[in-house]
Every structure is written in C-alpha cells, then in structure tokens.
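Enquirer: This is the content of structure_9.txt (compact mmCIF, C-alpha atoms):
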# COMPACT_ATOMS: atom_id res chain seq x y z
CA MET D 274 0.00 0.00 0.00
CA THR D 275 1.04 3.57 -0.56
CA ASN D 276 0.67 6.33 1.97
CA SER D 277 -2.42 8.48 2.24
CA SER D 278 -2.74 12.11 1.34
CA GLU D 279 -0.29 14.34 3.15
CA ALA D 280 -2.92 16.97 3.94
CA ALA D 281 -1.71 19.15 6.80
CA VAL D 282 -3.03 18.00 10.16
CA ASP D 283 -2.06 18.39 13.81
CA PRO D 284 1.39 16.77 14.18
CA LEU D 285 0.01 14.83 17.17
CA HIS D 286 -3.07 13.64 15.28
CA ASN D 287 -3.66 9.91 15.89
CA ALA D 288 -0.99 9.89 18.60
CA LEU D 289 -0.89 6.72 20.68
CA LEU D 290 -2.59 7.09 24.03
CA PRO D 291 -0.28 6.27 26.97
CA GLN D 292 -2.21 3.17 28.05
CA PHE D 293 -1.77 1.64 24.59
CA GLU D 294 1.78 2.84 23.99
CA ALA D 295 2.82 1.10 27.22
CA GLN D 296 1.69 -2.25 25.77
CA LEU D 297 3.68 -1.92 22.54
CA SER D 298 7.37 -2.51 21.90
CA SER D 299 9.60 0.51 21.30
CA GLU D 300 10.19 -0.75 17.74
CA TYR D 301 6.46 -0.88 17.10
CA VAL D 302 5.93 2.61 18.52
CA ALA D 303 8.72 3.99 16.32
CA LEU D 304 7.18 2.50 13.18
CA TYR D 305 3.71 3.67 14.18
CA ASN D 306 4.97 7.20 14.69
CA LYS D 307 6.80 7.10 11.36
CA HIS D 308 3.80 5.94 9.32
CA ILE D 309 0.69 7.06 11.24
CA LEU D 310 1.40 9.90 13.68
CA GLY D 311 0.21 13.23 12.28
CA ARG D 312 -1.73 11.58 9.46
CA LYS D 313 -5.37 10.72 8.92
CA LEU D 314 -6.77 7.19 8.77
CA ALA D 315 -9.31 5.85 6.29
CA HIS D 316 -12.44 6.87 8.16
CA GLU D 317 -11.25 10.49 8.13
CA PHE D 318 -11.25 10.69 4.31
CA ASP D 319 -13.90 10.45 1.63
CA ILE D 320 -14.22 6.83 0.56
CA GLU D 321 -13.06 7.40 -3.02
CA ASP D 322 -9.97 9.30 -1.84
CA VAL D 323 -8.85 6.54 0.49
CA ARG D 324 -9.53 3.86 -2.13
CA LYS D 325 -7.28 5.67 -4.60
CA ASN D 326 -4.53 6.32 -2.07
CA PRO D 327 -4.92 3.99 0.92
CA VAL D 328 -3.33 4.60 4.30
CA ILE D 329 -0.28 2.43 4.83
CA LEU D 330 -0.81 -0.19 7.53
CA GLY D 331 1.73 -2.79 6.44
CA PHE D 332 4.88 -1.22 7.95
CA GLY D 333 7.13 -2.51 5.16
CA GLU D 334 5.58 -5.95 4.80
CA GLU D 335 7.69 -8.21 2.60
CA GLN D 336 6.29 -9.66 -0.61
CA GLY D 337 6.87 -13.25 0.39
CA PRO D 338 8.46 -16.24 -1.36
CA GLU D 339 8.35 -17.08 -5.05
CA ILE D 340 5.34 -19.11 -6.17
CA GLY D 341 3.98 -20.36 -9.49
CA THR D 342 1.62 -18.49 -11.79
CA ILE D 343 -0.94 -15.80 -11.03
CA GLU D 344 -4.03 -15.37 -13.17
CA GLU D 345 -7.43 -13.70 -12.98
CA ILE D 346 -10.87 -14.83 -14.04
CA ASN D 347 -14.28 -13.19 -13.82
CA ILE D 348 -17.32 -15.05 -12.56
CA PRO D 349 -20.99 -14.04 -12.68
CA VAL D 350 -22.76 -12.81 -9.56
CA ASP D 351 -26.21 -11.38 -9.05
CA GLY D 352 -26.22 -8.06 -10.89
CA GLY D 353 -22.75 -8.26 -12.37
CA GLU D 354 -19.46 -10.09 -12.07
CA ILE D 355 -16.46 -10.21 -9.77
CA THR D 356 -12.81 -11.04 -10.24
CA LEU D 357 -11.03 -14.01 -8.70
CA ARG D 358 -7.22 -13.83 -8.61
CA ILE D 359 -5.76 -17.32 -8.63
CA TYR D 360 -2.32 -17.90 -7.12
CA ARG D 361 -0.76 -21.28 -7.92
CA PRO D 362 2.16 -23.15 -6.37
CA THR D 363 5.29 -24.14 -8.23
CA ALA D 364 5.55 -27.79 -9.27
CA GLU D 365 7.76 -28.45 -6.25
CA GLN D 366 5.43 -26.64 -3.82
CA ALA D 367 2.44 -28.56 -5.21
CA THR D 368 3.94 -31.82 -3.93
CA ILE D 369 3.62 -30.71 -0.28
CA SER D 370 -0.05 -31.70 0.05
CA ALA D 371 -0.26 -33.91 -3.03
CA GLN D 372 -0.89 -37.07 -0.99
CA GLY D 373 -0.23 -39.60 -3.71
CA GLY D 374 -0.94 -37.48 -6.76
CA ARG D 375 -4.12 -35.65 -5.71
CA LEU D 376 -4.82 -32.18 -7.07
CA PRO D 377 -3.71 -29.38 -4.74
CA PRO D 378 -6.12 -28.16 -2.06
CA VAL D 379 -7.66 -24.72 -2.47
CA HIS D 380 -7.97 -21.78 -0.09
CA LEU D 381 -10.41 -18.92 -0.64
CA ASN D 382 -9.12 -15.64 0.78
CA PHE D 383 -11.44 -12.76 1.66
CA HIS D 384 -9.59 -9.48 2.24
CA GLY D 385 -10.31 -7.08 5.08
CA GLY D 386 -11.22 -3.41 4.96
CA GLY D 387 -14.57 -3.21 6.72
CA TRP D 388 -16.46 -4.31 3.56
CA VAL D 389 -15.75 -0.75 2.32
CA ILE D 390 -12.09 -0.59 1.27
CA GLY D 391 -9.44 -3.13 0.32
CA THR D 392 -9.02 -5.29 -2.75
CA ILE D 393 -7.46 -8.49 -4.05
CA GLY D 394 -3.72 -8.51 -3.58
CA ASN D 395 -3.82 -6.83 -0.17
CA ASP D 396 -2.95 -10.16 1.45
CA GLU D 397 -0.39 -11.32 -1.10
CA SER D 398 2.45 -11.61 1.41
CA TRP D 399 0.45 -14.09 3.52
CA ILE D 400 -0.91 -15.81 0.40
CA ARG D 401 2.58 -16.50 -0.91
CA ARG D 402 3.67 -17.91 2.45
CA ALA D 403 0.58 -20.09 2.66
CA ILE D 404 1.28 -21.54 -0.77
CA ALA D 405 4.95 -22.13 0.05
CA ALA D 406 4.01 -23.88 3.31
CA THR D 407 1.08 -26.00 2.09
CA GLY D 408 1.24 -26.29 -1.71
CA CYS D 409 -2.35 -25.07 -2.01
CA VAL D 410 -3.91 -22.90 -4.69
CA VAL D 411 -5.26 -19.62 -3.31
CA VAL D 412 -8.30 -17.89 -4.80
CA ASP D 413 -8.38 -14.24 -3.73
CA VAL D 414 -11.95 -12.95 -3.94
CA ASN D 415 -12.69 -9.40 -5.12
CA TYR D 416 -16.18 -9.09 -3.64
CA ARG D 417 -18.02 -5.84 -4.30
CA LEU D 418 -17.75 -3.11 -1.67
CA ALA D 419 -20.12 -0.94 0.35
CA PRO D 420 -21.63 1.62 0.37
CA GLU D 421 -22.28 1.07 -3.35
CA TYR D 422 -22.99 -2.58 -2.53
CA ARG D 423 -24.24 -2.77 1.04
CA PHE D 424 -25.10 -5.86 3.07
CA PRO D 425 -25.74 -8.57 2.02
CA ILE D 426 -23.94 -8.16 -1.33
CA PRO D 427 -20.36 -8.75 -0.06
CA ILE D 428 -21.65 -11.97 1.53
CA GLU D 429 -23.52 -13.05 -1.61
CA ASP D 430 -20.50 -12.35 -3.82
CA SER D 431 -18.28 -14.37 -1.48
CA TRP D 432 -20.78 -17.22 -1.46
CA ALA D 433 -20.90 -17.16 -5.26
CA ALA D 434 -17.10 -17.48 -5.33
CA LEU D 435 -17.19 -20.45 -2.95
CA VAL D 436 -19.90 -22.19 -4.97
CA TYR D 437 -18.04 -21.54 -8.22
CA VAL D 438 -14.81 -23.03 -6.88
CA SER D 439 -16.63 -26.04 -5.40
CA GLN D 440 -18.29 -26.76 -8.77
CA HIS D 441 -15.26 -26.17 -11.02
CA GLY D 442 -12.50 -28.16 -9.37
CA ALA D 443 -11.41 -29.91 -12.58
CA THR D 444 -11.33 -26.66 -14.55
CA LEU D 445 -9.41 -24.86 -11.83
CA GLY D 446 -7.15 -27.83 -11.17
CA VAL D 447 -7.94 -28.07 -7.45
CA ASP D 448 -9.16 -30.71 -5.03
CA THR D 449 -12.63 -29.59 -3.96
CA SER D 450 -12.70 -32.14 -1.17
CA ARG D 451 -10.03 -29.98 0.53
CA ILE D 452 -11.31 -26.40 0.61
CA SER D 453 -10.31 -23.86 3.24
CA LEU D 454 -11.65 -20.35 3.85
CA GLY D 455 -10.09 -17.41 5.60
CA GLY D 456 -9.56 -13.72 6.00
CA TRP D 457 -8.80 -10.81 8.27
CA SER D 458 -11.36 -8.55 9.93
CA ALA D 459 -14.30 -8.26 7.49
CA GLY D 460 -12.77 -11.26 5.72
CA GLY D 461 -13.01 -13.19 8.98
CA HIS D 462 -16.67 -12.24 9.19
CA LEU D 463 -17.30 -13.45 5.64
CA SER D 464 -15.50 -16.73 6.37
CA ALA D 465 -17.64 -17.33 9.46
CA VAL D 466 -20.89 -16.61 7.65
CA LEU D 467 -19.93 -18.85 4.73
CA SER D 468 -18.98 -21.73 7.02
CA HIS D 469 -22.48 -21.65 8.55
CA ARG D 470 -24.19 -21.33 5.17
CA ALA D 471 -22.12 -24.12 3.60
CA ARG D 472 -23.21 -26.46 6.39
CA ASP D 473 -26.85 -25.44 6.02
CA MET D 474 -26.80 -25.73 2.22
CA GLY D 475 -24.94 -29.03 2.15
CA LEU D 476 -21.84 -27.66 0.41
CA GLU D 477 -19.19 -30.20 1.30
CA GLY D 478 -15.41 -30.17 1.27
CA ILE D 479 -14.57 -27.33 3.67
CA VAL D 480 -11.83 -28.66 5.94
CA PHE D 481 -10.60 -25.47 7.64
CA VAL D 482 -11.63 -21.89 8.42
CA LEU D 483 -9.21 -19.11 9.42
CA MET D 484 -10.74 -16.12 11.23
CA ALA D 485 -8.13 -13.51 12.11
CA ILE D 486 -9.20 -10.35 13.98
CA PRO D 487 -12.81 -11.16 12.99
CA VAL D 488 -15.94 -9.00 13.11
CA VAL D 489 -18.66 -11.26 14.47
CA ASP D 490 -21.11 -9.26 16.62
CA ALA D 491 -22.50 -5.91 15.49
CA SER D 492 -24.88 -5.96 18.46
CA ALA D 493 -21.89 -4.89 20.56
CA ILE D 494 -22.91 -1.34 19.71
CA GLY D 495 -26.32 0.32 19.56
CA THR D 496 -28.49 1.30 16.62
CA ASP D 497 -26.96 4.77 17.02
CA LEU D 498 -23.54 3.10 16.43
CA GLN D 499 -22.43 4.23 19.87
CA VAL D 500 -20.95 2.08 22.63
CA HIS D 501 -23.20 1.70 25.66
CA GLU D 502 -22.38 0.47 29.15
CA ASP D 503 -24.34 -2.73 28.63
CA THR D 504 -22.25 -3.81 25.64
CA PRO D 505 -21.62 -7.58 25.86
CA HIS D 506 -17.97 -7.08 24.86
CA LYS D 507 -15.84 -5.06 27.26
CA SER D 508 -13.11 -4.52 24.64
CA TRP D 509 -15.38 -1.94 23.00
CA ILE D 510 -14.89 0.12 26.18
CA ASP D 511 -11.30 -0.84 27.01
CA CYS D 512 -10.11 -0.21 23.44
CA HIS D 513 -12.53 2.58 22.54
CA ASP D 514 -9.70 4.84 21.35
CA CYS D 515 -7.05 2.24 20.56
CA PRO D 516 -4.76 2.55 17.54
CA PHE D 517 -5.98 1.61 14.06
CA LEU D 518 -9.41 0.19 14.87
CA SER D 519 -11.02 2.53 17.35
CA HIS D 520 -14.76 2.78 17.95
CA ALA D 521 -14.88 5.75 15.57
CA ARG D 522 -13.27 3.78 12.76
CA MET D 523 -15.30 0.60 13.22
CA SER D 524 -18.59 2.48 13.47
CA TRP D 525 -17.65 4.26 10.19
CA PHE D 526 -17.37 0.87 8.52
CA TYR D 527 -20.70 -0.25 9.96
CA LYS D 528 -22.34 2.99 8.84
CA HIS D 529 -21.39 2.27 5.23
CA PHE D 530 -21.97 -1.50 5.24
CA LEU D 531 -25.18 -2.10 7.15
CA PRO D 532 -28.61 -1.74 5.54
CA LEU D 533 -30.52 1.40 6.45
CA PRO D 534 -32.21 2.08 8.77
CA ILE D 535 -29.95 0.35 11.29
CA THR D 536 -32.28 -1.51 13.63
CA SER D 537 -31.73 -3.98 16.44
CA ALA D 538 -32.93 -6.71 14.10
CA VAL D 539 -30.21 -5.75 11.61
CA LEU D 540 -27.49 -5.79 14.26
CA ARG D 541 -28.65 -9.17 15.57
CA ASN D 542 -29.06 -10.81 12.16
CA PRO D 543 -26.67 -13.84 12.17
CA LEU D 544 -25.52 -12.85 8.67
CA VAL D 545 -24.26 -9.60 10.24
CA SER D 546 -23.39 -11.11 13.63
CA PRO D 547 -22.46 -14.80 13.21
CA LEU D 548 -21.71 -15.00 16.94
CA LEU D 549 -25.50 -14.94 17.41
CA ALA D 550 -26.19 -17.87 15.07
CA GLY D 551 -28.42 -20.51 16.61
CA ASN D 552 -26.43 -23.59 15.60
CA PHE D 553 -22.68 -24.10 16.03
CA LYS D 554 -22.65 -27.83 15.36
CA GLY D 555 -21.33 -29.33 12.15
CA LEU D 556 -18.91 -26.47 11.40
CA PRO D 557 -15.45 -27.03 9.91
CA PRO D 558 -12.26 -26.96 12.00
CA THR D 559 -11.69 -23.30 12.84
CA LEU D 560 -8.77 -21.17 14.01
CA VAL D 561 -9.83 -17.87 15.63
CA TYR D 562 -7.06 -15.30 16.08
CA PRO D 563 -8.10 -12.02 17.79
CA ALA D 564 -5.75 -9.17 18.74
CA GLU D 565 -5.46 -7.92 22.32
CA ILE D 566 -5.54 -4.16 21.56
CA ASP D 567 -8.67 -4.19 19.41
CA VAL D 568 -12.32 -3.29 19.93
CA LEU D 569 -13.17 -6.64 18.30
CA ARG D 570 -11.09 -8.69 20.76
CA ASP D 571 -13.85 -9.96 23.03
CA GLU D 572 -16.32 -10.88 20.29
CA GLY D 573 -13.60 -12.96 18.63
CA LEU D 574 -12.94 -14.72 21.93
CA ALA D 575 -16.68 -15.21 22.41
CA TYR D 576 -17.02 -16.77 18.96
CA ALA D 577 -14.27 -19.27 19.77
CA LYS D 578 -15.98 -20.02 23.08
CA ARG D 579 -19.27 -20.78 21.31
CA LEU D 580 -17.46 -23.08 18.88
CA LYS D 581 -15.96 -24.95 21.86
CA GLU D 582 -19.06 -25.08 24.05
CA ASP D 583 -21.89 -25.28 21.50
CA GLY D 584 -20.09 -26.89 18.57
CA ASP D 585 -18.78 -30.37 17.94
CA GLY D 586 -15.67 -29.77 15.82
CA TRP D 587 -12.01 -28.87 16.17
CA VAL D 588 -11.36 -25.29 17.32
CA GLU D 589 -8.34 -23.32 18.41
CA CYS D 590 -8.17 -19.74 19.65
CA VAL D 591 -4.96 -17.72 19.88
CA LEU D 592 -4.97 -14.21 21.36
CA ALA D 593 -2.23 -12.08 19.82
CA LYS D 594 -0.86 -10.30 22.89
CA GLY D 595 0.17 -6.68 22.88
CA VAL D 596 -0.76 -5.83 19.28
CA PRO D 597 -3.55 -3.83 17.61
CA HIS D 598 -5.98 -4.83 14.88
CA PRO D 599 -3.86 -4.79 11.67
CA PHE D 600 -0.90 -6.66 13.15
CA VAL D 601 -1.42 -9.39 10.54
CA HIS D 602 0.17 -7.10 7.95
CA GLN D 603 2.95 -5.78 10.16
CA THR D 604 5.70 -8.38 9.90
CA ALA D 605 8.33 -5.64 10.10
CA ALA D 606 6.88 -4.38 13.38
CA THR D 607 6.01 -7.36 15.52
CA PRO D 608 6.83 -11.07 15.86
CA ARG D 609 3.12 -11.66 16.51
CA ALA D 610 2.57 -11.32 12.75
CA TRP D 611 5.08 -14.08 12.02
CA GLU D 612 3.46 -16.27 14.68
CA LEU D 613 0.12 -15.89 12.89
CA VAL D 614 1.70 -16.84 9.55
CA GLU D 615 3.31 -19.94 11.08
CA LYS D 616 0.24 -21.02 13.07
CA SER D 617 -2.29 -20.48 10.29
CA THR D 618 -0.28 -22.17 7.56
CA SER D 619 0.70 -25.13 9.74
CA ARG D 620 -2.96 -25.67 10.70
CA MET D 621 -3.97 -25.44 7.04
CA LYS D 622 -1.43 -28.10 6.15
CA GLU D 623 -2.75 -30.35 8.91
CA ALA D 624 -6.33 -29.77 7.78
CA TYR D 625 -5.49 -30.73 4.20
CA ALA D 626 -4.01 -33.96 5.58
CA GLY D 627 -7.18 -34.65 7.57
CA LEU D 628 -5.45 -34.30 10.94
CA LEU D 629 -7.68 -31.72 12.67
CA LYS D 630 -10.05 -33.72 14.82
CA ARG D 631 -11.84 -32.74 18.01
Show me this structure written as structure tokens.
Expert:
Amino acid sequence: MTNSSEAAVDPLHNALLPQFEAQLSSEYVALYNKHILGRKLAHEFDIEDVRKNPVILGFGEEQGPEIGTIEEINIPVDGGEITLRIYRPTAEQATISAQGGRLPPVHLNFHGGGWVIGTIGNDESWIRRAIAATGCVVVDVNYRLAPEYRFPIPIEDSWAALVYVSQHGATLGVDTSRISLGGWSAGGHLSAVLSHRARDMGLEGIVFVLMAIPVVDASAIGTDLQVHEDTPHKSWIDCHDCPFLSHARMSWFYKHFLPLPITSAVLRNPLVSPLLAGNFKGLPPTLVYPAEIDVLRDEGLAYAKRLKEDGDGWVECVLAKGVPHPFVHQTAATPRAWELVEKSTSRMKEAYAGLLKR
C-alpha cells in the first residue's frame, strides 16, 4: 500500500494514548509514529480518496516467497461479475499436500477493509507464504464493496465465489474435497458466515476456516452506532480509542456496510453477527485469532468459546498479545505477525491432511 494524502493536520493527530503505547514494543511505537502519527486514517477521508490512495498499515511488509503463476478470471454474480485472482504453487510446492498425486487443495481468501475498502492482492504476502508452506492454490476474492454494494452483497459475492470453486474443481485444477476459507477482519466475518451457510446448504469439502481479527457481533454497539455500558464485549470500552481500529473507525465501517435504517434486528441478524447464530454444530475446523488491543477482541474470543461449548468440531483460539488490529500485515513491526503466519499455515497443512479432529 502507498501512503495516504499528506494533507496538513495536527502533528500529534492519531498519537498513541499512553495506556496503549505502554503495551507496545519501542520498535512498534517507532514505526507507528513514522507511518501514522500526524496523518489521517481511512475513516477520516472520503471513501473514493482513500480507495485511490490507501493509508499504509503494512509497515514494510515483505512480498513473500516465489510461487507459481498468477491469473485472474471473472465469474458471474447477481447483478454483475467479480474477479477471482488465482495464485498457484510451483511444481515443487504442489507436492507438499499432493498425498499420492491428488490435485492441490484450495484456499479462498477474503480481504479485510470493513467491507468498504481493500481489494485483491492486499494479502499477497500471507498468500505466498501459505502456498509455500502448504502447496495449495489460493483464490483471492474481489467481492463488491459498500456503500455502493451494502449488506448482504459482499456476503452473496463471497458465497458465489465459494460455490463456483466447489463446482469447477477440474477446470481450476484443485481438489474440492479440501477447501479452506479465511480472512482478516471483514474477511473473517465473511469466512464465518460462509462456514455456517455451507453447512446449512450441504456444500461439502470445507476442511478449515481461518478467522483472524474477525468481526462477528454488530450488536456490541447500539443502533446509534455508539458504545453503551451494557455492551456484551468489554473490549469496546477498554479499546474505545485504541490505535488503528477505534470505535470511531469501526462504526464508520458499519455505517457504510449495514442496511438502512440500522435496527436492532439488523445488528442481531446472524448474517451480520455470526456469533448470534443458533447452531454451532457441524462447522469445519476453525482457528480464531483475535488481537489484544482491538475493539473486536472480546467478540472474537466469544465466537471461539461458542465453537468450543456449542459446537462439535475442532477449534483453536490464539490471542495475539500486545498488538492492535492490523498486526497481521505488520511483519516488520512485531513477531506476533510471524506467529500468525506460522500457526495459520501449519494448521492449514494439517487440515489438508485430515489431521484436525476434536
């Protein structure tokens, strides 16, 4: 990503609050101050401006290892079409999960950005490492964005991509009995919703779901998009003004994504808030990976708890200590990002081998 507009602002704008700075390493603070201090974040710009010139969050993230080919195809969706970017392993990498000559497994990646910003390619560093570690093919899904395409369109586009991949394994050259889903933030939300829908619709073959820093409970805030004392997730209070994903920023995303008017029924709809789904049984093996300094922390932990207590499948939850929301793209700033890469790709590899059992 490139840096955002250099419009003059207070040099202390978006300064780290002392309680959050104390939790971060000096190296992280230095990089934050270099890239963010005195600059605006996405929710402080017009949407089109930030889409053209996004705020840097990656802190010098490396591209990742060499892989095979990269291609793009378009698939039909209701009212239009979307692009799928297909990343393939090298011939050598493809042997990692070949298991006696089978086609490579396939992972569908759903980028973050609050359903409002972001695009395919944002997660390429992780994608390349996932391919190098597992030999899978990755399909990066360019679902349409709000507010032009509000809820439920990003969900429906993502579902269309999953159905397309599941029905075109031979054409795509992938093993549709070994499908995984995953994403960060809004992408974690989409992955959760799709895992429930796939079970309900009888779509088979999903062996793993990765939900990093996921959005799973919009009912944490009120219909006025404010945080109230009775919020079920204390992190919305503890991290109200935390770096990167504050209440102000997350409510901006909700304002543009949710259908209008925003009612309690909207906030509690399981398609918006998968934490509130009625049935957690029969879901694929799932890795939930919240960040400690994040308004979404407690709802991610609560989702993992529901999987463990109300579900019947394999589940693991890892809390990334001492890092804020976008740590997944900050490999130059924190070892927590590398730990996520290693944990997620190793669990994917195990899932493709059929080793994740409750």
Enquirer: Determine the nearest neighbour of Arg312 of chain D from the options D:Phe517, D:Trp509, D:Tyr437, D:Tyr562, counting only C-alpha atoms.
Expert: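 Of the candidates, the smallest distance to Arg312 of chain D is held by D:Phe517.
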Enquirer: In terms of the shortest atom-to-atom distance over all atoms listed in the file, which of D:Ser299, D:Ser439, D:Thr444, D:Asn395 is closest to Ile346 of chain D?
Expert: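 Selected residue with least distance to Ile346 of chain D: D:Thr444.
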Enquirer: Give me the residues near segment 334-345 of chain D as a list of chain:residue names, where near means some atom within 9 Å (using all atoms listed in the file) and where sequence neighbours in that chain fewer than 4 positions away do not count.
Expert: D:Thr356, D:Leu357, D:Arg358, D:Ile359, D:Tyr360, D:Arg361, D:Pro362, D:Thr363, D:Ala364, D:Gln366, D:Glu397, D:Ser398, D:Trp399, D:Ile400, D:Arg401, D:Arg402, D:Ile404, D:Ala405, D:His602, D:Gln603, D:Thr604, D:Ala605, D:Ala606
Enquirer: Find the spatial neighbours of segment 368-373 of chain D, counting only C-alpha atoms, within a cut-off of 9 Å - ignore same-chain residues fewer than 5 positions away - and output them as a list in words.
Expert: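 Returned residues: Thr363, Pro378, Ala405, Ala406, Thr407, Gly408, Cys409, Lys622, Tyr625 and Ala626 of chain D.
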Enquirer: Next, the residues of the selection above should be written as an mmCIF file, in the coordinates of the input with C-alpha atoms.
Expert:
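That gives us part_20.cif:
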data_model
loop_
_atom_site.group_PDB
_atom_site.id
_atom_site.type_symbol
_atom_site.label_atom_id
_atom_site.label_comp_id
_atom_site.auth_asym_id
_atom_site.auth_seq_id
_atom_site.Cartn_x
_atom_site.Cartn_y
_atom_site.Cartn_z
ATOM 1 C CA THR D 363 5.290 -24.140 -8.230
ATOM 2 C CA PRO D 378 -6.120 -28.160 -2.060
ATOM 3 C CA ALA D 405 4.950 -22.130 0.050
ATOM 4 C CA ALA D 406 4.010 -23.880 3.310
ATOM 5 C CA THR D 407 1.080 -26.000 2.090
ATOM 6 C CA GLY D 408 1.240 -26.290 -1.710
ATOM 7 C CA CYS D 409 -2.350 -25.070 -2.010
ATOM 8 C CA LYS D 622 -1.430 -28.100 6.150
ATOM 9 C CA TYR D 625 -5.490 -30.730 4.200
ATOM 10 C CA ALA D 626 -4.010 -33.960 5.580
#
Enquirer: Near segment 489-501 of chain D, counting all atoms listed in the file, which residues have an atom at most 8 Å away, once you skip same-chain residues fewer than 2 positions from it, shown as a ChimeraX atom specification?
Expert: /D:462,465,487,503-506,509-510,520,524,527-528,535-537,540-541,545-549,572-573,576
Enquirer: Rank nothing, just name the residue among D:Val568, D:Leu454, D:Cys590, D:Met474 nearest to Gly555 of chain D, using all atoms listed in the file.
Expert: D:Met474
Enquirer: Taking all atoms listed in the file into account, name the residue in D:Thr559, D:Ser617, D:Gln296, D:Asn552 that is nearest to Gly584 of chain D.
Expert: D:Asn552
Enquirer: Suppose you want the space between atom CA of Ser298 of chain D and atom CA of Glu615 of chain D; what is it in Å?
Expert: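 Computing the Euclidean distance for atom CA of Ser298 of chain D and atom CA of Glu615 of chain D yields 20.9 Å.
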Enquirer: What is the atom CA of Ala521 of chain D to atom CA of Gln292 of chain D distance in Å?
Expert: 18.0 Å
Enquirer: Could you name the residues that touch segment 317-321 of chain D at 8 Å or less, counting all atoms listed in the file, but leaving out those on the same chain fewer than 3 positions away, as an MDAnalysis selection string?
Expert: chainID D and resid 313:314 324:325 389:390
Enquirer: Just want the 10 Å neighbourhood of Thr392 of chain D, counted on only C-alpha atoms, with same-chain residues fewer than 5 positions away dropped. Output as a list in words.
Expert: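 The residues satisfying every condition are Arg324, Phe383, His384, Gly385, Gly386, Asp413, Val414, Asn415, Tyr416, Arg417 and Leu418 of chain D.
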Enquirer: Atoms to include: C-alpha atoms. Write the selected residues as a PDB file, in the frame of the given file.
Expert:
ATOM      1  CA  ARG D 324      -9.530   3.860  -2.130  1.00  0.00           C
ATOM      2  CA  PHE D 383     -11.440 -12.760   1.660  1.00  0.00           C
ATOM      3  CA  HIS D 384      -9.590  -9.480   2.240  1.00  0.00           C
ATOM      4  CA  GLY D 385     -10.310  -7.080   5.080  1.00  0.00           C
ATOM      5  CA  GLY D 386     -11.220  -3.410   4.960  1.00  0.00           C
ATOM      6  CA  ASP D 413      -8.380 -14.240  -3.730  1.00  0.00           C
ATOM      7  CA  VAL D 414     -11.950 -12.950  -3.940  1.00  0.00           C
ATOM      8  CA  ASN D 415     -12.690  -9.400  -5.120  1.00  0.00           C
ATOM      9  CA  TYR D 416     -16.180  -9.090  -3.640  1.00  0.00           C
ATOM     10  CA  ARG D 417     -18.020  -5.840  -4.300  1.00  0.00           C
ATOM     11  CA  LEU D 418     -17.750  -3.110  -1.670  1.00  0.00           C
TER      12      LEU D 418
END
